[in-house]
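As stored in final.cif (mmCIF, C-alpha atoms):
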```cif
data_data
#
loop_
_atom_site.label_atom_id
_atom_site.label_comp_id
_atom_site.auth_asym_id
_atom_site.auth_seq_id
_atom_site.Cartn_x
_atom_site.Cartn_y
_atom_site.Cartn_z
CA MET A 1424 12.44 13.68 10.01
CA THR A 1425 9.40 15.10 11.75
CA GLN A 1426 6.69 12.54 11.24
CA SER A 1427 2.98 13.20 11.46
CA PRO A 1428 1.01 11.10 13.89
CA GLN A 1429 0.35 7.78 12.25
CA GLY A 1430 -1.86 4.84 12.92
CA THR A 1431 -0.76 1.86 14.94
CA ALA A 1432 0.04 -1.52 13.46
CA ASP A 1433 -3.47 -2.65 14.23
CA LEU A 1434 -5.12 0.30 12.45
CA HIS A 1435 -2.76 -0.08 9.51
CA HIS A 1436 -3.75 -3.73 9.25
CA GLN A 1437 -7.45 -2.92 9.43
CA VAL A 1438 -7.15 -0.42 6.59
CA GLN A 1439 -5.10 -2.80 4.43
CA ALA A 1440 -7.61 -5.58 4.95
CA PHE A 1441 -10.53 -3.22 4.29
CA TYR A 1442 -9.01 -2.04 1.01
CA ALA A 1443 -8.16 -5.57 -0.10
CA ARG A 1444 -11.76 -6.71 0.35
CA GLN A 1445 -13.17 -3.49 -1.10
CA MET A 1446 -11.11 -3.74 -4.28
CA GLN A 1447 -11.75 -7.47 -4.69
CA LEU A 1448 -15.49 -6.78 -4.50
CA LEU A 1449 -15.22 -4.05 -7.13
CA ASP A 1450 -13.10 -6.16 -9.46
CA ALA A 1451 -15.48 -9.11 -9.10
CA GLY A 1452 -18.42 -6.95 -10.15
CA GLU A 1453 -20.16 -7.18 -6.79
CA VAL A 1454 -21.19 -3.56 -7.02
CA GLU A 1455 -23.77 -3.55 -4.21
CA ALA A 1456 -21.44 -5.17 -1.69
CA TRP A 1457 -18.74 -2.78 -2.87
CA ALA A 1458 -21.02 0.24 -2.43
CA ASP A 1459 -21.75 -0.92 1.12
CA THR A 1460 -18.15 -0.08 1.92
CA PHE A 1461 -19.23 3.58 1.64
CA THR A 1462 -21.37 5.35 4.20
CA GLU A 1463 -25.02 5.95 3.31
CA ASP A 1464 -24.15 9.59 2.50
CA GLY A 1465 -20.68 8.84 1.17
CA VAL A 1466 -19.14 10.99 -1.54
CA PHE A 1467 -16.98 9.76 -4.42
CA SER A 1468 -15.22 12.37 -6.48
CA ALA A 1469 -12.48 12.17 -9.08
CA ASN A 1470 -10.59 14.50 -11.36
CA ALA A 1471 -11.80 12.25 -14.20
CA HIS A 1472 -15.47 12.91 -13.30
CA PRO A 1473 -17.32 16.17 -13.98
CA GLU A 1474 -19.07 16.14 -10.58
CA PRO A 1475 -18.94 14.27 -7.26
CA THR A 1476 -21.24 11.28 -6.83
CA LYS A 1477 -23.19 11.76 -3.61
CA GLY A 1478 -24.84 9.02 -1.57
CA ARG A 1479 -24.66 5.26 -1.75
CA ALA A 1480 -27.57 4.91 -4.18
CA ALA A 1481 -25.83 7.11 -6.73
CA ILE A 1482 -22.53 5.32 -6.07
CA VAL A 1483 -24.17 1.94 -6.79
CA ALA A 1484 -25.73 3.25 -9.98
CA GLY A 1485 -22.42 4.68 -11.18
CA ALA A 1486 -20.55 1.49 -10.39
CA ARG A 1487 -23.12 -0.65 -12.16
CA ALA A 1488 -22.96 1.47 -15.29
CA ALA A 1489 -19.15 1.34 -15.26
CA ARG A 1490 -19.26 -2.42 -14.73
CA GLU A 1491 -21.60 -3.02 -17.67
CA LYS A 1492 -19.47 -0.85 -19.91
CA LEU A 1493 -16.36 -2.78 -18.88
CA ALA A 1494 -18.02 -6.19 -19.24
CA ALA A 1495 -19.03 -5.31 -22.79
CA THR A 1496 -15.35 -4.95 -23.68
CA GLY A 1497 -14.37 -8.39 -22.30
CA MET A 1498 -11.83 -6.63 -20.12
CA ARG A 1499 -11.07 -7.22 -16.45
CA HIS A 1500 -9.72 -4.55 -14.12
CA ARG A 1501 -7.63 -5.29 -11.03
CA HIS A 1502 -7.15 -2.53 -8.46
CA TRP A 1503 -4.12 -2.45 -6.19
CA LEU A 1504 -4.29 0.08 -3.36
CA GLY A 1505 -1.01 0.46 -1.56
CA MET A 1506 1.67 2.74 -0.12
CA LEU A 1507 -0.81 3.70 2.60
CA ASP A 1508 -0.23 6.84 4.64
CA VAL A 1509 -2.74 6.38 7.49
CA ARG A 1510 -3.41 9.32 9.79
CA GLU A 1511 -5.55 8.82 12.86
CA ILE A 1512 -7.54 12.02 13.19
CA SER A 1513 -9.69 10.66 16.01
CA GLU A 1514 -10.81 7.31 17.32
CA ASN A 1515 -13.49 7.21 14.65
CA LEU A 1516 -11.89 9.04 11.74
CA LEU A 1517 -8.89 8.20 9.61
CA GLU A 1518 -7.40 10.09 6.71
CA VAL A 1519 -5.58 7.83 4.28
CA ARG A 1520 -3.60 8.80 1.23
CA SER A 1521 -2.71 5.86 -0.97
CA TYR A 1522 -1.63 4.99 -4.47
CA ALA A 1523 -3.89 2.94 -6.71
CA LEU A 1524 -2.55 1.00 -9.66
CA VAL A 1525 -5.18 -0.33 -12.03
CA LEU A 1526 -4.31 -3.22 -14.32
CA ALA A 1527 -6.36 -4.09 -17.41
CA ILE A 1528 -6.52 -7.71 -18.53
CA PRO A 1529 -8.29 -8.53 -21.81
CA ARG A 1530 -9.66 -12.05 -22.10
CA GLY A 1531 -7.00 -14.07 -23.90
CA GLY A 1532 -4.74 -11.04 -24.13
CA GLN A 1533 -1.85 -9.19 -22.56
CA ALA A 1534 -2.26 -7.56 -19.13
CA THR A 1535 -1.15 -3.93 -19.06
CA VAL A 1536 -1.14 -0.92 -16.76
CA HIS A 1537 -4.43 0.90 -17.19
CA VAL A 1538 -4.03 4.02 -15.02
CA HIS A 1539 -2.22 5.15 -11.90
CA THR A 1540 -4.03 7.28 -9.35
CA THR A 1541 -3.65 8.88 -5.94
CA CYS A 1542 -6.52 8.16 -3.57
CA ASP A 1543 -7.50 10.41 -0.64
CA ASP A 1544 -9.98 8.82 1.74
CA GLU A 1545 -11.81 9.77 4.88
CA LEU A 1546 -12.67 6.55 6.68
CA VAL A 1547 -15.17 6.47 9.52
CA ARG A 1548 -15.71 3.72 12.04
CA ALA A 1549 -18.81 1.58 11.47
CA ASP A 1550 -20.29 -1.19 13.62
CA ASP A 1551 -18.15 -3.86 12.06
CA GLY A 1552 -15.18 -2.12 10.49
CA TRP A 1553 -14.50 1.01 8.45
CA GLN A 1554 -16.45 2.79 5.75
CA VAL A 1555 -15.50 5.43 3.22
CA ALA A 1556 -17.21 8.75 3.98
CA ASN A 1557 -15.29 10.62 1.33
CA ARG A 1558 -13.03 9.45 -1.49
CA HIS A 1559 -11.22 11.61 -3.97
CA VAL A 1560 -9.35 9.88 -6.79
CA THR A 1561 -6.75 11.80 -8.78
CA ARG A 1562 -5.71 10.19 -12.03
CA ASP A 1563 -2.07 11.14 -12.29
CA ASP A 1564 -2.20 11.52 -16.07
CA LEU A 1565 -4.96 14.13 -15.76
CA ALA A 1566 -3.57 16.06 -12.78
CA ALA A 1567 -2.78 19.64 -13.69
CA GLU A 1568 0.09 20.59 -11.46
CA LEU A 1569 3.18 18.43 -11.56
CA ASP A 1570 4.00 18.52 -7.83
CA GLY A 1571 1.46 16.38 -6.04
CA MET B 799 -20.95 -3.92 5.47
CA THR B 800 -20.98 -7.37 7.03
CA GLN B 801 -17.40 -8.47 7.18
CA SER B 802 -16.20 -12.05 7.37
CA PRO B 803 -13.92 -12.95 10.26
CA GLN B 804 -10.45 -11.75 9.39
CA GLY B 805 -7.02 -12.31 10.76
CA THR B 806 -5.46 -10.07 13.36
CA ALA B 807 -2.68 -7.60 12.63
CA ASP B 808 -0.15 -10.17 13.76
CA LEU B 809 -1.48 -12.88 11.42
CA HIS B 810 -1.70 -10.42 8.56
CA HIS B 811 1.93 -9.49 9.15
CA GLN B 812 3.01 -13.12 9.27
CA VAL B 813 1.35 -13.84 5.94
CA GLN B 814 2.79 -10.73 4.29
CA ALA B 815 6.29 -11.60 5.50
CA PHE B 816 5.85 -15.23 4.42
CA TYR B 817 4.79 -14.22 0.92
CA ALA B 818 7.59 -11.67 0.59
CA ARG B 819 10.23 -14.30 1.38
CA GLN B 820 8.51 -16.97 -0.69
CA MET B 821 8.37 -14.80 -3.80
CA GLN B 822 11.93 -13.51 -3.35
CA LEU B 823 13.14 -17.14 -3.19
CA LEU B 824 11.25 -18.01 -6.38
CA ASP B 825 12.47 -14.95 -8.25
CA ALA B 826 16.06 -15.62 -7.15
CA GLY B 827 15.89 -19.14 -8.57
CA GLU B 828 16.23 -20.82 -5.18
CA VAL B 829 13.73 -23.46 -6.17
CA GLU B 830 14.40 -25.94 -3.36
CA ALA B 831 14.10 -23.33 -0.61
CA TRP B 832 11.01 -22.05 -2.39
CA ALA B 833 9.46 -25.52 -2.55
CA ASP B 834 10.08 -25.89 1.20
CA THR B 835 7.42 -23.21 1.66
CA PHE B 836 4.91 -25.90 0.63
CA THR B 837 3.93 -28.84 2.80
CA GLU B 838 5.40 -32.23 1.92
CA ASP B 839 2.07 -33.17 0.30
CA GLY B 840 1.27 -29.67 -0.94
CA VAL B 841 -0.73 -29.16 -4.11
CA PHE B 842 -0.15 -26.45 -6.72
CA SER B 843 -2.81 -26.02 -9.37
CA ALA B 844 -3.44 -23.33 -11.95
CA ASN B 845 -5.86 -22.64 -14.75
CA ALA B 846 -2.78 -22.37 -16.98
CA HIS B 847 -1.73 -25.95 -16.12
CA PRO B 848 -3.42 -29.09 -17.46
CA GLU B 849 -3.23 -30.88 -14.06
CA PRO B 850 -2.42 -30.12 -10.43
CA THR B 851 1.15 -30.71 -9.27
CA LYS B 852 1.04 -32.88 -6.15
CA GLY B 853 3.74 -33.17 -3.51
CA ARG B 854 6.87 -31.18 -2.88
CA ALA B 855 9.10 -33.35 -5.06
CA ALA B 856 6.90 -32.68 -8.09
CA ILE B 857 6.67 -29.01 -7.16
CA VAL B 858 10.49 -28.73 -7.06
CA ALA B 859 10.80 -30.46 -10.42
CA GLY B 860 8.22 -28.18 -12.00
CA ALA B 861 9.85 -25.07 -10.59
CA ARG B 862 13.29 -26.14 -11.74
CA ALA B 863 12.06 -26.77 -15.28
CA ALA B 864 10.30 -23.39 -15.35
CA ARG B 865 13.42 -21.70 -14.01
CA GLU B 866 15.68 -23.21 -16.64
CA LYS B 867 13.28 -22.24 -19.39
CA LEU B 868 13.17 -18.68 -18.05
CA ALA B 869 16.95 -18.44 -17.60
CA ALA B 870 17.45 -19.47 -21.21
CA THR B 871 15.52 -16.37 -22.28
CA GLY B 872 17.67 -13.96 -20.22
CA MET B 873 14.47 -12.76 -18.57
CA ARG B 874 13.82 -12.11 -14.87
CA HIS B 875 10.42 -12.42 -13.26
CA ARG B 876 9.38 -10.50 -10.16
CA HIS B 877 6.27 -11.61 -8.28
CA TRP B 878 4.25 -9.19 -6.19
CA LEU B 879 1.58 -10.79 -3.98
CA GLY B 880 -0.72 -8.26 -2.42
CA MET B 881 -4.25 -7.15 -1.62
CA LEU B 882 -4.41 -10.00 0.92
CA ASP B 883 -7.76 -11.16 2.19
CA VAL B 884 -6.75 -13.35 5.17
CA ARG B 885 -9.40 -15.56 6.77
CA GLU B 886 -8.55 -17.42 9.94
CA ILE B 887 -10.38 -20.74 9.63
CA SER B 888 -8.77 -22.18 12.74
CA GLU B 889 -5.66 -21.63 14.80
CA ASN B 890 -3.69 -23.72 12.33
CA LEU B 891 -5.41 -22.96 9.02
CA LEU B 892 -5.73 -19.76 7.02
CA GLU B 893 -7.45 -19.15 3.73
CA VAL B 894 -5.92 -16.28 1.80
CA ARG B 895 -7.07 -14.78 -1.45
CA SER B 896 -4.57 -12.40 -2.97
CA TYR B 897 -3.63 -10.77 -6.23
CA ALA B 898 -0.32 -11.57 -7.89
CA LEU B 899 1.26 -9.22 -10.38
CA VAL B 900 4.19 -10.68 -12.31
CA LEU B 901 6.68 -8.33 -13.94
CA ALA B 902 9.07 -9.45 -16.68
CA ILE B 903 12.44 -7.75 -16.97
CA PRO B 904 14.69 -8.64 -19.91
CA ARG B 905 18.41 -8.13 -19.36
CA GLY B 906 19.19 -4.70 -20.78
CA GLY B 907 15.56 -4.17 -21.76
CA GLN B 908 12.25 -2.66 -20.73
CA ALA B 909 10.35 -4.08 -17.73
CA THR B 910 6.72 -4.88 -18.49
CA VAL B 911 3.69 -6.50 -16.94
CA HIS B 912 3.86 -10.23 -17.66
CA VAL B 913 0.56 -11.55 -16.23
CA HIS B 914 -1.93 -10.76 -13.49
CA THR B 915 -3.39 -13.58 -11.42
CA THR B 916 -5.63 -14.28 -8.47
CA CYS B 917 -4.12 -16.63 -5.88
CA ASP B 918 -6.14 -18.82 -3.50
CA ASP B 919 -4.07 -20.39 -0.73
CA GLU B 920 -4.65 -22.69 2.17
CA LEU B 921 -1.87 -22.03 4.66
CA VAL B 922 -1.18 -24.40 7.54
CA ARG B 923 0.89 -23.76 10.62
CA ALA B 924 4.33 -25.38 10.64
CA ASP B 925 6.95 -25.51 13.40
CA ASP B 926 8.51 -22.23 12.40
CA GLY B 927 5.92 -20.34 10.38
CA TRP B 928 3.36 -21.09 7.68
CA GLN B 929 3.37 -23.44 4.72
CA VAL B 930 1.18 -23.67 1.64
CA ALA B 931 -0.93 -26.84 1.70
CA ASN B 932 -2.91 -25.86 -1.37
CA ARG B 933 -2.44 -23.11 -3.93
CA HIS B 934 -4.64 -22.36 -6.90
CA VAL B 935 -3.51 -19.67 -9.31
CA THR B 936 -5.99 -18.18 -11.76
CA ARG B 937 -4.45 -16.25 -14.62
CA ASP B 938 -6.98 -13.51 -15.20
CA ASP B 939 -6.47 -13.52 -18.96
CA LEU B 940 -7.38 -17.22 -19.15
CA ALA B 941 -10.31 -17.17 -16.72
CA ALA B 942 -13.53 -18.16 -18.42
CA GLU B 943 -16.21 -16.32 -16.53
CA LEU B 944 -15.88 -12.57 -16.24
CA ASP B 945 -17.14 -12.18 -12.67
CA GLY B 946 -14.47 -13.45 -10.36
CA MET C 551 11.17 -24.06 6.12
CA THR C 552 13.86 -22.54 8.32
CA GLN C 553 13.02 -18.90 8.60
CA SER C 554 15.44 -16.14 9.52
CA PRO C 555 14.50 -13.93 12.46
CA GLN C 556 11.94 -11.45 11.26
CA GLY C 557 10.45 -8.30 12.61
CA THR C 558 7.24 -8.19 14.59
CA ALA C 559 3.95 -6.92 13.22
CA ASP C 560 4.65 -3.56 14.81
CA LEU C 561 8.08 -3.21 13.19
CA HIS C 562 6.69 -4.37 9.85
CA HIS C 563 4.01 -1.71 10.08
CA GLN C 564 6.53 0.99 10.98
CA VAL C 565 8.65 0.14 7.95
CA GLN C 566 5.66 0.03 5.61
CA ALA C 567 4.44 3.41 6.86
CA PHE C 568 7.95 4.87 6.63
CA TYR C 569 8.35 3.73 3.02
CA ALA C 570 4.89 4.97 2.04
CA ARG C 571 5.68 8.48 3.31
CA GLN C 572 9.21 8.43 1.94
CA MET C 573 8.07 7.48 -1.56
CA GLN C 574 5.15 9.94 -1.55
CA LEU C 575 7.60 12.73 -0.64
CA LEU C 576 9.93 11.75 -3.48
CA ASP C 577 7.13 11.48 -6.01
CA ALA C 578 5.72 14.86 -4.93
CA GLY C 579 9.07 16.53 -5.52
CA GLU C 580 9.63 17.36 -1.86
CA VAL C 581 13.29 16.52 -2.18
CA GLU C 582 14.47 18.10 1.09
CA ALA C 583 11.85 16.36 3.21
CA TRP C 584 12.64 13.16 1.31
CA ALA C 585 16.37 13.53 1.97
CA ASP C 586 15.59 13.95 5.68
CA THR C 587 14.52 10.31 5.64
CA PHE C 588 18.24 9.50 5.31
CA THR C 589 20.77 9.89 8.13
CA GLU C 590 23.09 12.90 7.96
CA ASP C 591 25.86 10.57 6.70
CA GLY C 592 23.55 8.28 4.75
CA VAL C 593 24.76 6.53 1.61
CA PHE C 594 22.72 5.92 -1.54
CA SER C 595 24.22 3.61 -4.12
CA ALA C 596 22.78 1.96 -7.20
CA ASN C 597 23.96 -0.26 -10.01
CA ALA C 598 22.69 2.47 -12.35
CA HIS C 599 25.04 5.06 -10.77
CA PRO C 600 28.80 5.21 -11.31
CA GLU C 601 29.51 5.95 -7.61
CA PRO C 602 27.73 6.00 -4.26
CA THR C 603 26.23 9.32 -3.12
CA LYS C 604 27.49 10.03 0.39
CA GLY C 605 25.87 12.32 2.91
CA ARG C 606 22.50 14.03 2.99
CA ALA C 607 23.70 17.20 1.26
CA ALA C 608 24.84 15.20 -1.76
CA ILE C 609 21.65 13.14 -1.66
CA VAL C 610 19.52 16.32 -1.76
CA ALA C 611 21.55 17.70 -4.66
CA GLY C 612 21.21 14.46 -6.62
CA ALA C 613 17.48 14.25 -5.99
CA ARG C 614 16.95 17.87 -7.01
CA ALA C 615 18.82 17.38 -10.27
CA ALA C 616 16.83 14.22 -11.03
CA ARG C 617 13.60 16.02 -10.19
CA GLU C 618 14.34 18.93 -12.51
CA LYS C 619 15.26 16.57 -15.30
CA LEU C 620 12.01 14.65 -14.79
CA ALA C 621 9.87 17.80 -14.53
CA ALA C 622 11.24 19.00 -17.86
CA THR C 623 9.78 15.91 -19.52
CA GLY C 624 6.25 16.45 -18.12
CA MET C 625 6.46 12.95 -16.65
CA ARG C 626 5.45 11.79 -13.17
CA HIS C 627 7.03 8.87 -11.40
CA ARG C 628 5.28 6.77 -8.75
CA HIS C 629 7.35 4.48 -6.57
CA TRP C 630 5.85 1.37 -4.98
CA LEU C 631 8.03 -0.34 -2.39
CA GLY C 632 6.69 -3.69 -1.34
CA MET C 633 7.30 -7.37 -0.68
CA LEU C 634 9.27 -6.34 2.41
CA ASP C 635 11.63 -8.80 4.05
CA VAL C 636 12.37 -7.09 7.38
CA ARG C 637 15.20 -8.46 9.53
CA GLU C 638 15.71 -7.07 13.01
CA ILE C 639 19.48 -7.02 13.50
CA SER C 640 19.24 -5.17 16.81
CA GLU C 641 16.81 -2.87 18.57
CA ASN C 642 18.15 0.04 16.54
CA LEU C 643 19.05 -1.57 13.22
CA LEU C 644 16.91 -3.23 10.58
CA GLU C 645 17.92 -4.78 7.29
CA VAL C 646 15.15 -4.68 4.72
CA ARG C 647 15.13 -6.16 1.26
CA SER C 648 12.19 -5.01 -0.84
CA TYR C 649 11.04 -4.72 -4.41
CA ALA C 650 10.44 -1.33 -5.97
CA LEU C 651 8.20 -0.88 -8.96
CA VAL C 652 8.41 2.52 -10.63
CA LEU C 653 5.53 3.68 -12.82
CA ALA C 654 5.89 6.51 -15.34
CA ILE C 655 2.87 8.66 -16.11
CA PRO C 656 3.12 11.26 -18.86
CA ARG C 657 0.74 14.22 -18.58
CA GLY C 658 -2.24 13.34 -20.73
CA GLY C 659 -0.73 10.00 -21.66
CA GLN C 660 -0.59 6.31 -20.88
CA ALA C 661 0.92 5.11 -17.58
CA THR C 662 3.54 2.39 -18.02
CA VAL C 663 6.07 0.41 -16.04
CA HIS C 664 9.30 2.42 -15.92
CA VAL C 665 11.73 0.09 -14.13
CA HIS C 666 11.72 -2.68 -11.55
CA THR C 667 14.39 -2.74 -8.86
CA THR C 668 15.46 -4.59 -5.74
CA CYS C 669 16.17 -2.34 -2.76
CA ASP C 670 18.51 -3.25 0.13
CA ASP C 671 18.25 -0.89 3.09
CA GLU C 672 19.88 -0.50 6.46
CA LEU C 673 17.44 1.41 8.64
CA VAL C 674 18.50 2.93 11.94
CA ARG C 675 16.30 4.17 14.72
CA ALA C 676 15.98 7.97 14.98
CA ASP C 677 14.23 10.10 17.59
CA ASP C 678 10.90 9.92 15.84
CA GLY C 679 10.99 6.92 13.55
CA TRP C 680 13.45 5.26 11.19
CA GLN C 681 16.06 6.65 8.81
CA VAL C 682 17.97 5.09 5.94
CA ALA C 683 21.67 4.77 6.78
CA ASN C 684 22.45 2.81 3.65
CA ARG C 685 20.43 2.09 0.52
CA HIS C 686 21.49 0.05 -2.45
CA VAL C 687 19.16 -0.07 -5.44
CA THR C 688 19.63 -2.77 -8.08
CA ARG C 689 17.84 -2.13 -11.35
CA ASP C 690 16.88 -5.61 -12.43
CA ASP C 691 17.42 -4.87 -16.11
CA LEU C 692 21.03 -3.86 -15.44
CA ALA C 693 21.92 -6.63 -12.99
CA ALA C 694 24.68 -8.81 -14.33
CA GLU C 695 24.05 -12.19 -12.80
CA LEU C 696 20.66 -13.73 -13.31
CA ASP C 697 20.22 -15.30 -9.88
CA GLY C 698 19.51 -12.53 -7.44
#
```

Turn this file's structure into structure tokens for me.
Amino acid sequence: MTQSPQGTADLHHQVQAFYARQMQLLDAGEVEAWADTFTEDGVFSANAHPEPTKGRAAIVAGARAAREKLAATGMRHRHWLGMLDVREISENLLEVRSYALVLAIPRGGQATVHVHTTCDDELVRADDGWQVANRHVTRDDLAAELDG
Amino acid sequence: MTQSPQGTADLHHQVQAFYARQMQLLDAGEVEAWADTFTEDGVFSANAHPEPTKGRAAIVAGARAAREKLAATGMRHRHWLGMLDVREISENLLEVRSYALVLAIPRGGQATVHVHTTCDDELVRADDGWQVANRHVTRDDLAAELDG
Amino acid sequence: MTQSPQGTADLHHQVQAFYARQMQLLDAGEVEAWADTFTEDGVFSANAHPEPTKGRAAIVAGARAAREKLAATGMRHRHWLGMLDVREISENLLEVRSYALVLAIPRGGQATVHVHTTCDDELVRADDGWQVANRHVTRDDLAAELDG
């Protein structure tokens, strides 16, 4: 098998740890700390959204609105990002394709699978770790073509 | 983003490998080998339990009772621990917050999500790896406050 | 706890990255590239299959047939391999036991758990990474004995 250049164990670890903290922040409703995992001019797009969200201020606002909507339902979400394909484009830029499994847990009720998505990230090196410069989330149930 | 001190790639690997073996032992019903992954005076507490279980002997007894109850139903459980946030407190002490997804698989039936939990561990260094000195498991469906 | 010899962080990373790419290829329907992750004389067996599939040509044919059957249903599958227990048998041979969780996502519909399996691999070192020489997949719902 011809393999594309991939990150080292250390890079792979950094990305895993970054995603773990990022998702735990989101799931805990710490939307500002979560938004700080994006660059100031970061872009978040998704096939479930009509348009990309551009810049950290807009990303915070979107996350807060989503959080309030979720809280009103008494539902928790838990995001698992895994199956990471990390490609080191340069010392300061990684491209990562991962799977994201979102669980929904109603208070006092049965946990279920909420959605499954594919996540394409551009990560850039910051002073103290990595940040998302560009994220595109593809909900697999909404994806048009079957191969991908 | 200001990041807390986190473990190195090697520590992260050690914890992942430890959890993989620990959960495989539990799911295979090897309760004594599983309990040996706790310290002699280890504590296991959970928001689903009325009181903490203290000491390895009590942990073995609890696990054996749970196993027999499960076996009687013809159901298998599979525990995934992931999204690890590993914090190196000292050379011999780690604090790890992770997610645990438990699947239930009835013999001849449909696998489903059983519960989703958050797991807070204190791991201490043993002669040949890590051991759990303290584990607190929060079933997300039973957690009182929504943020966390 | 007496621990068996386990792989280093670097090996663990290599196996994680290998599985991530292998599963993404399978899920994307790239059956030939996926089959190239097996050795030329690789063997794929499963408790859900009447007989082992031997050799890459047969593995490609089997994967293509499964893919066409799946595509006809408008369903996507997403394979998560995790909870890796990596044992370094020699410099060129690894034994890996992992869990595999398969999600099913209908177009326009609700994602659900499809099956949960245990995966036993023999990985051998190739020119540019690892290949599967032998894979045995145990669907947990079909497994006869309860302990394992």

Show me, as a PDB file with C-alpha atoms, in the frame of the given file, the residues of chain B whose atoms get within 9 Å of chain C, using all atoms listed in the file for the distance check.
```pdb
ATOM      1  CA  ALA B 807      -2.680  -7.600  12.630  1.00  0.00           C
ATOM      2  CA  ASP B 808      -0.150 -10.170  13.760  1.00  0.00           C
ATOM      3  CA  LEU B 809      -1.480 -12.880  11.420  1.00  0.00           C
ATOM      4  CA  HIS B 810      -1.700 -10.420   8.560  1.00  0.00           C
ATOM      5  CA  HIS B 811       1.930  -9.490   9.150  1.00  0.00           C
ATOM      6  CA  GLN B 812       3.010 -13.120   9.270  1.00  0.00           C
ATOM      7  CA  GLN B 814       2.790 -10.730   4.290  1.00  0.00           C
ATOM      8  CA  ALA B 815       6.290 -11.600   5.500  1.00  0.00           C
ATOM      9  CA  PHE B 816       5.850 -15.230   4.420  1.00  0.00           C
ATOM     10  CA  TYR B 817       4.790 -14.220   0.920  1.00  0.00           C
ATOM     11  CA  ALA B 818       7.590 -11.670   0.590  1.00  0.00           C
ATOM     12  CA  ARG B 819      10.230 -14.300   1.380  1.00  0.00           C
ATOM     13  CA  MET B 821       8.370 -14.800  -3.800  1.00  0.00           C
ATOM     14  CA  GLN B 822      11.930 -13.510  -3.350  1.00  0.00           C
ATOM     15  CA  LEU B 823      13.140 -17.140  -3.190  1.00  0.00           C
ATOM     16  CA  ASP B 825      12.470 -14.950  -8.250  1.00  0.00           C
ATOM     17  CA  ALA B 826      16.060 -15.620  -7.150  1.00  0.00           C
ATOM     18  CA  GLY B 827      15.890 -19.140  -8.570  1.00  0.00           C
ATOM     19  CA  GLU B 828      16.230 -20.820  -5.180  1.00  0.00           C
ATOM     20  CA  ALA B 831      14.100 -23.330  -0.610  1.00  0.00           C
ATOM     21  CA  TRP B 832      11.010 -22.050  -2.390  1.00  0.00           C
ATOM     22  CA  ALA B 833       9.460 -25.520  -2.550  1.00  0.00           C
ATOM     23  CA  ASP B 834      10.080 -25.890   1.200  1.00  0.00           C
ATOM     24  CA  THR B 835       7.420 -23.210   1.660  1.00  0.00           C
ATOM     25  CA  PHE B 836       4.910 -25.900   0.630  1.00  0.00           C
ATOM     26  CA  ALA B 869      16.950 -18.440 -17.600  1.00  0.00           C
ATOM     27  CA  GLY B 872      17.670 -13.960 -20.220  1.00  0.00           C
ATOM     28  CA  MET B 873      14.470 -12.760 -18.570  1.00  0.00           C
ATOM     29  CA  ARG B 874      13.820 -12.110 -14.870  1.00  0.00           C
ATOM     30  CA  ARG B 876       9.380 -10.500 -10.160  1.00  0.00           C
ATOM     31  CA  HIS B 877       6.270 -11.610  -8.280  1.00  0.00           C
ATOM     32  CA  TRP B 878       4.250  -9.190  -6.190  1.00  0.00           C
ATOM     33  CA  LEU B 879       1.580 -10.790  -3.980  1.00  0.00           C
ATOM     34  CA  GLY B 880      -0.720  -8.260  -2.420  1.00  0.00           C
ATOM     35  CA  LEU B 901       6.680  -8.330 -13.940  1.00  0.00           C
ATOM     36  CA  ALA B 902       9.070  -9.450 -16.680  1.00  0.00           C
ATOM     37  CA  ILE B 903      12.440  -7.750 -16.970  1.00  0.00           C
ATOM     38  CA  PRO B 904      14.690  -8.640 -19.910  1.00  0.00           C
ATOM     39  CA  ARG B 905      18.410  -8.130 -19.360  1.00  0.00           C
ATOM     40  CA  GLY B 906      19.190  -4.700 -20.780  1.00  0.00           C
ATOM     41  CA  GLY B 907      15.560  -4.170 -21.760  1.00  0.00           C
ATOM     42  CA  GLN B 908      12.250  -2.660 -20.730  1.00  0.00           C
ATOM     43  CA  ALA B 909      10.350  -4.080 -17.730  1.00  0.00           C
ATOM     44  CA  THR B 910       6.720  -4.880 -18.490  1.00  0.00           C
ATOM     45  CA  VAL B 911       3.690  -6.500 -16.940  1.00  0.00           C
ATOM     46  CA  ALA B 924       4.330 -25.380  10.640  1.00  0.00           C
ATOM     47  CA  ASP B 925       6.950 -25.510  13.400  1.00  0.00           C
ATOM     48  CA  ASP B 926       8.510 -22.230  12.400  1.00  0.00           C
ATOM     49  CA  GLY B 927       5.920 -20.340  10.380  1.00  0.00           C
ATOM     50  CA  TRP B 928       3.360 -21.090   7.680  1.00  0.00           C
ATOM     51  CA  GLN B 929       3.370 -23.440   4.720  1.00  0.00           C
TER      52      GLN B 929
END
```

Next item on the list: Take the point (16.0, -4.0, 11.3) in the file's coordinates, draw a sphere of radius 8 Å around it, and report as a list in words every protein, DNA or RNA residue with an atom inside or on it, counting all atoms listed in the file.
Entry: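 Residues satisfying the cut-off, written out: Gly557, Val636, Arg637, Glu638, Ile639, Ser640, Glu641, Asn642, Leu643, Leu644, Glu645, Val646, Glu672, Leu673 and Val674 of chain C.
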
Need the shell around Asn932 in chain B: protein/DNA/RNA residues with any atom at most 6 Å away, counting all atoms listed in the file. Skip same-chain ones fewer than 5 positions apart. Format as a ChimeraX atom specification? /B:840-841,919-920

As a check of understanding: the span from CA of Gln572 in chain C to CA of Asn597 in chain C is 20.9 Å

Is it possible to get the axis-aligned box enclosing range 643-662 of chain C (all listed atoms, 5 Å extra per side) as JSON, with centre and edge lengths in Å rounded to one decimal?
```
{"center_x": 8.4, "center_y": 4.0, "center_z": -4.2, "size_x": 31.3, "size_y": 30.4, "size_z": 44.9}
```
